[in-house]
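Enquirer: Starting off with a structure, shown below.
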Amino acid sequence: MAAAPEPSNLFELQKEELYDLNSSKSVEILKDKYGGLEGLAQKLKTSLDDGPPSSEAQDGHADRKTHFGTNTYPQKPPTGFLKLFFEAFKDTTVIILTVGAIVSIGVGIAEAFIGEESDCGDTSFQLISNFSHCGETLYESYNDMVHRYEIIEAEIAHLKELREAFIANNTGVPVPANLTNPNEYSKPGTYIEGIVIVFAVLIVAFVTAGNDYSKERQFRSLNDVKNDIRVKVVRGGDEHQVSTYEIVVGDIVVLESGDKIPADGIFIKGHGLAVDESVMTGEPDAIPKKEKAPFMLSGCQIVEGMGRMIVTTVGEMSEWGKIMKELSDDHDETPLQQKLATLAKNIGKAGFAVALVTLTTLFILWGIGIANKTARNDNIDWACEVQTVVGFFIISVTIVVVAVPEGLPLAVTISLAYSVRKMMKDSNLVRHLVACETMGGATNICSDKTGTLTENRMTVTEGWLAGNFYTSVPSTIKNDVDSKVLDYFINGIAVNSTASIGHDEVTKKPEFVGSKTECALLVLSDKLAYDYKKVRKDAIELQKIPFSSDRKRMSSIVQEGDKYVLYCKGASEMVLGLCNRMVNSAGEIGPLDASTVKELEAHIYRMADSGLRTLCLAYRENDSEDFGDDPESDMICLGIMGIQDPLRPEVPDAVERCKHAGIIVRMVTGDNILTAKSIARECGIFTDGGVAMTGPEFRVLSDEEKDKVLPKLQVLARSTPTDKLILVRRLRFLGEVVAVTGDGTNDAPALKEADVGMSMGISGTEVAKEASDVVIMDDNFSSIVKAVMWGRSVFDNVRRFLQFQLTINIVALAVAFVSALLGQGTPLNAVQLLWVNLIMDALAALALATEPPTADLLERKPYGRKEPLISPLMWRHIIAQAVLQLVAMFFILFGARNISFFIETEQNMNTSVFGPHHSCQTYQYTMVFNTFVFLQLFNEINARRINNEFNIFSGIHKNPFYLGVYAATSLLQALFVQFGGVAVETSPLRWDSWLLCIGIGIIGIPWGLIVRLFPYKRKGDTKAKTNQKKIVPVYEQKGDIESGGHVKASDDNDDLKKPAKTANGSEAPEVIVESNGTRPPSHGVGEPSSSGGIASLPGGVSE
């Protein structure tokens, strides 16, 4: 093993010292021993403002990683293969089978010691069961059976005499192999069978352990990806986003509400920063971070404010790293796995019942044989009889092993692991496996707009600034606007922002960090030849009021000379409603009169209607730092910017595919309703007659009113996280399976409430990601559609295996039971049944559970919440194939004794290792076994399509797993039959018998086609191309209409039938309800309210 790298001598401090500092949480030690934050930064060779020097980026900060360690955590050692191998033997049926095999081996060895004195011949059971010869009909008279027994005894005695004669005469003539031990004419391999059973059990355990080992490794790799979050750091004076694993000691980490602290550190500066440390300390209240309480713990969440910290310890030296050593990587079963485990248990109980009846029947027949021998005063060789009884137990336990479909949970595990790995390539990081299953049944998708439906590539294209409207920005702004006004504008952009534009440490390409909306404004400042970094650095920032989804705005208070300025930006109608003055291009401040309001309203409506997001920028000056209880009031309107965020080109097609799949897509956004409707119409969500309403309006509806409008609702604009949560809860109450996207901290409740919560990998906060089931790594709606495909694929793959498995179970159990009942023993012995078990569990699970999704998955209705695992159509195919297979099995067993294809030739019978007596029956049973397996192999092709599709070969060439497993199974079966011999009790088949076995097996394919000719329609299934119901606008409500066209709040609004009318008979405009749940006053839209602002203006933006 390579030695660990030696710590670098470049740094004055050791990681142990830093750990002690963090553990002590002593501000006095920080000041006295390390010289405070400045002194600590010097010792760590970093800067509190600029972070580590950019020169370190060339070698990836190798010296820091060597000296202080990397930000990776110790993991619980993976379970070793040997341990998993031995755990496979804890299954009760496997234990019983192994014990039975060992007993069988012991009896066989004992017989070997007894030697020729023990002559098993035909045991009592065989006298009953093996009474028909090749070419004869079933069940001849009992006298014929007794006569045949006498012939057999004479034959055995004659063989003994021959052997003794050869030995006595010592003639040198070699004794024929089949004469050295006449016992071999009876049941051969008395201990060989036991050895082979043990060997087969070992193979099953090996395959099981291999699957578990592979599954654990896959989950570990997925956890590594899941825990790899992006962190904003300052290095070389620029802000960058890096992997949490790349955090080093000395980094300056920029933290905002919703972020997870990536390493232990010390607070430098911030505004209202509060941390939820409950995961570390158990303290339920958020802990404010300030100069007197600066220590930050990794793994904790930022719940309020923003700030910066210097990293002091990383990885296993951090507090979170210490805890990670004790954490377990156990995984809970998903609901589908639990369902299948229950189903497997029930099937196992049925198998146990069949095995018990079979064992009882075998014992009865064996008892009859013992009674017959006793009646004739024949000698009973109890060693052979014990071997026979042990065989009964082995067969019965093997029936249980075959009946218990361990492959069901295995199939869903393989399918989930396979799907999760493939989904990662489709930009879906699955955090909880249950999402894989549930996503396939989604009936509703509530999607964000920004970054999900749009590209999140923001550009300021239009705007109103200080009395002038610009259709092209920046155009002539610098020439038209007074420099003082422009300074306010740029200061408001630079200071009142948490975003930045940096450059990649290696490629030096521009890198946008933080809100893309704010980055668009920073790009505008750059185009106007202003250095926002210098403005931001020179500003004396006193307070920052963070953005929230409820407030839809953010503000910063800075000191500029002897005055104090509050800069505010946010949703246009909200910020504009807080303004009572405006500034013109000459820098003159005047009242915000009605005509100006109407002018601004017109601009906002026009920009929003063309799909632009609108932001209002305002400011307020004060003589002191204290702006009162309501600092964001009586502000001066500075400008309104229109920001273009182009629609993702692939979204319209993805939305259309969802409609074909029967999924209702709803846009839930914080943007104003005009912008939302424009984008929704462009991407195909908002259709003619569709409902678009605001969050506050939806919030005040009664449950009955919500239920009536929900089937028609397509756009919910100006919504808060609370509105989203209300929507999700109501949809789930109505039985819908809901997938919801979210990116903000306040979206966490809705993400948790949804059946599948989907957070945004790029724009999402860590709180949102922690609350979600799936992280959309590229924030793209088309990735959500791919998740639906994979979810449906998982469900279908499990159903494929289930249909295949149950057919085998029914046939195997029926053949074993009927054969035993009719005195034919068990045509499939223990080793053969174990091989069949291996085919249908591990190999078939691998083949059928890895079918990739196809486009037709999105051409049918969602499964929904109450879909059974086994559909009526599946039962149709299961029963049809089982009937075909049972007819074939019983025909070979009972009706083909005079057909040459099923009979061993006389020459082969005389030279067979099984002897002439058993060779014929072994050949017949080999035919049964081989035909049974090939019936399953061809039915495995049928099982690829479970929804009555005619082309069962479609896409088979695209699944290398399936083709590989199918080819390997066929080859192994051929080797098993031709070369198994005594070990597995198979007789090599002639070419014509092989053709017959394959020919009978292939009948399953046209038989399956015939079954598919009978039409089948799922209950309530309809082609979902126009799945969404006829939609009526939400404002079509009965009730009293106030002047101005507003709907009067009423608890008895009962129906949504006709468009609401105003007093003059015209249709009412769209309802806008204030965020406090009240209806707006009755003045007209755009008229000043009593506060001097705008009462209700559907413009602006929030994210």
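The way I read the labels, and the way they are meant: chains A, B, ... in the order of the structure tokens, residue 1 as the first residue of every chain, and ligand 1 as the first ligand shown, with later ones counted on from there.
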Taking the chain letters and numbering used in this document, name the residues of stretch 710-920 of chain A that DSSP puts in alpha helix (DSSP H), as a ChimeraX atom specification.

Expert: /A:721-733,748-753,766-771,781-821,830-838,844-848,872-890,906-911,915-920

Enquirer: Mind checking which residues fall within 12 Å of A:Asp538, counting only C-alpha atoms, ignoring those fewer than 2 positions away in the same chain, and posting them as a list in words?

Expert: Asn491, Ala494, Val495, Asp531, Tyr532, Lys533, Lys534, Val535, Arg536, Ile540, Glu541, Val558, Gln559, Glu560 and Gly561 of chain A

Enquirer: Once DSSP has gone over the backbone, tell me which residues of stretch 520-755 of chain A are in strand (DSSP E), as a PyMOL selection string.

Expert: chain A and resi 540-545+553-560+563-571+579-583+589-591+613-622+635-644+664-668+691-694+713-717+738-742

Enquirer: Would you save the residues of that selection, restricted to C-alpha atoms, as a PDB file, in the first residue's frame?

Expert:
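The resulting file, result-v6.pdb, is reproduced below:
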```pdb
ATOM      1  CA  ILE A 540     -20.474  50.005   2.868  1.00  0.00           C
ATOM      2  CA  GLU A 541     -23.281  47.514   3.235  1.00  0.00           C
ATOM      3  CA  LEU A 542     -25.154  47.724   6.509  1.00  0.00           C
ATOM      4  CA  GLN A 543     -28.081  45.387   6.070  1.00  0.00           C
ATOM      5  CA  LYS A 544     -29.507  42.996   3.532  1.00  0.00           C
ATOM      6  CA  ILE A 545     -33.158  41.893   3.481  1.00  0.00           C
ATOM      7  CA  ARG A 553     -38.328  41.142  -3.505  1.00  0.00           C
ATOM      8  CA  MET A 554     -34.983  41.810  -1.826  1.00  0.00           C
ATOM      9  CA  SER A 555     -33.349  44.947  -0.456  1.00  0.00           C
ATOM     10  CA  SER A 556     -29.964  46.207   0.724  1.00  0.00           C
ATOM     11  CA  ILE A 557     -29.120  49.223   2.909  1.00  0.00           C
ATOM     12  CA  VAL A 558     -25.774  50.906   2.256  1.00  0.00           C
ATOM     13  CA  GLN A 559     -24.013  54.013   3.521  1.00  0.00           C
ATOM     14  CA  GLU A 560     -23.058  56.526   0.835  1.00  0.00           C
ATOM     15  CA  LYS A 563     -26.618  59.493   3.792  1.00  0.00           C
ATOM     16  CA  TYR A 564     -28.088  56.050   3.761  1.00  0.00           C
ATOM     17  CA  VAL A 565     -29.727  54.393   0.743  1.00  0.00           C
ATOM     18  CA  LEU A 566     -32.031  51.396   0.542  1.00  0.00           C
ATOM     19  CA  TYR A 567     -31.996  49.634  -2.833  1.00  0.00           C
ATOM     20  CA  CYS A 568     -34.893  47.323  -3.675  1.00  0.00           C
ATOM     21  CA  LYS A 569     -35.742  45.109  -6.629  1.00  0.00           C
ATOM     22  CA  GLY A 570     -38.392  42.451  -7.225  1.00  0.00           C
ATOM     23  CA  ALA A 571     -41.780  41.668  -8.716  1.00  0.00           C
ATOM     24  CA  CYS A 579     -43.413  53.474  -4.572  1.00  0.00           C
ATOM     25  CA  ASN A 580     -45.032  56.912  -4.351  1.00  0.00           C
ATOM     26  CA  ARG A 581     -42.381  58.842  -6.274  1.00  0.00           C
ATOM     27  CA  MET A 582     -40.275  58.483  -9.394  1.00  0.00           C
ATOM     28  CA  VAL A 583     -37.061  59.952 -10.780  1.00  0.00           C
ATOM     29  CA  ILE A 589     -37.769  63.393  -8.187  1.00  0.00           C
ATOM     30  CA  GLY A 590     -41.508  63.848  -8.548  1.00  0.00           C
ATOM     31  CA  PRO A 591     -44.749  62.173  -7.523  1.00  0.00           C
ATOM     32  CA  ARG A 613     -39.968  38.714 -17.035  1.00  0.00           C
ATOM     33  CA  THR A 614     -40.222  42.167 -15.494  1.00  0.00           C
ATOM     34  CA  LEU A 615     -38.245  43.521 -12.555  1.00  0.00           C
ATOM     35  CA  CYS A 616     -38.836  46.845 -10.869  1.00  0.00           C
ATOM     36  CA  LEU A 617     -35.865  48.671  -9.305  1.00  0.00           C
ATOM     37  CA  ALA A 618     -36.425  51.349  -6.662  1.00  0.00           C
ATOM     38  CA  TYR A 619     -34.535  53.140  -3.938  1.00  0.00           C
ATOM     39  CA  ARG A 620     -35.091  55.261  -0.834  1.00  0.00           C
ATOM     40  CA  GLU A 621     -32.763  57.720   0.884  1.00  0.00           C
ATOM     41  CA  ASN A 622     -32.625  58.462   4.584  1.00  0.00           C
ATOM     42  CA  MET A 635     -39.712  54.398  -2.360  1.00  0.00           C
ATOM     43  CA  ILE A 636     -38.627  56.133  -5.561  1.00  0.00           C
ATOM     44  CA  CYS A 637     -39.269  54.159  -8.746  1.00  0.00           C
ATOM     45  CA  LEU A 638     -36.053  53.986 -10.754  1.00  0.00           C
ATOM     46  CA  GLY A 639     -36.752  51.598 -13.609  1.00  0.00           C
ATOM     47  CA  ILE A 640     -38.490  48.476 -14.890  1.00  0.00           C
ATOM     48  CA  MET A 641     -36.450  45.965 -16.871  1.00  0.00           C
ATOM     49  CA  GLY A 642     -37.831  43.341 -19.287  1.00  0.00           C
ATOM     50  CA  ILE A 643     -35.730  40.180 -19.207  1.00  0.00           C
ATOM     51  CA  GLN A 644     -35.950  37.551 -21.897  1.00  0.00           C
ATOM     52  CA  ILE A 664     -51.773  16.755 -17.212  1.00  0.00           C
ATOM     53  CA  VAL A 665     -48.960  19.326 -17.157  1.00  0.00           C
ATOM     54  CA  ARG A 666     -49.514  22.466 -15.103  1.00  0.00           C
ATOM     55  CA  MET A 667     -47.233  25.476 -14.879  1.00  0.00           C
ATOM     56  CA  VAL A 668     -46.791  26.704 -11.316  1.00  0.00           C
ATOM     57  CA  VAL A 691     -57.579  28.207 -17.012  1.00  0.00           C
ATOM     58  CA  ALA A 692     -54.847  30.560 -15.855  1.00  0.00           C
ATOM     59  CA  MET A 693     -55.197  32.002 -12.386  1.00  0.00           C
ATOM     60  CA  THR A 694     -53.080  33.519  -9.649  1.00  0.00           C
ATOM     61  CA  LEU A 713     -56.319  24.402 -14.286  1.00  0.00           C
ATOM     62  CA  GLN A 714     -53.221  24.757 -16.484  1.00  0.00           C
ATOM     63  CA  VAL A 715     -51.369  27.826 -15.198  1.00  0.00           C
ATOM     64  CA  LEU A 716     -50.983  29.017 -11.609  1.00  0.00           C
ATOM     65  CA  ALA A 717     -49.086  32.306 -11.629  1.00  0.00           C
ATOM     66  CA  VAL A 738     -48.467  14.094  -8.478  1.00  0.00           C
ATOM     67  CA  ALA A 739     -44.931  15.012  -9.479  1.00  0.00           C
ATOM     68  CA  VAL A 740     -43.814  18.497  -8.462  1.00  0.00           C
ATOM     69  CA  THR A 741     -40.735  20.516  -9.292  1.00  0.00           C
ATOM     70  CA  GLY A 742     -39.218  23.053  -6.919  1.00  0.00           C
TER      71      GLY A 742
END
```

Enquirer: Select, from A:Gly1004, A:Pro474, A:Gly502, A:Gly265, the residue with the minimum atom-to-atom distance to A:Gly236, counting only C-alpha atoms.

Expert: A:Gly502
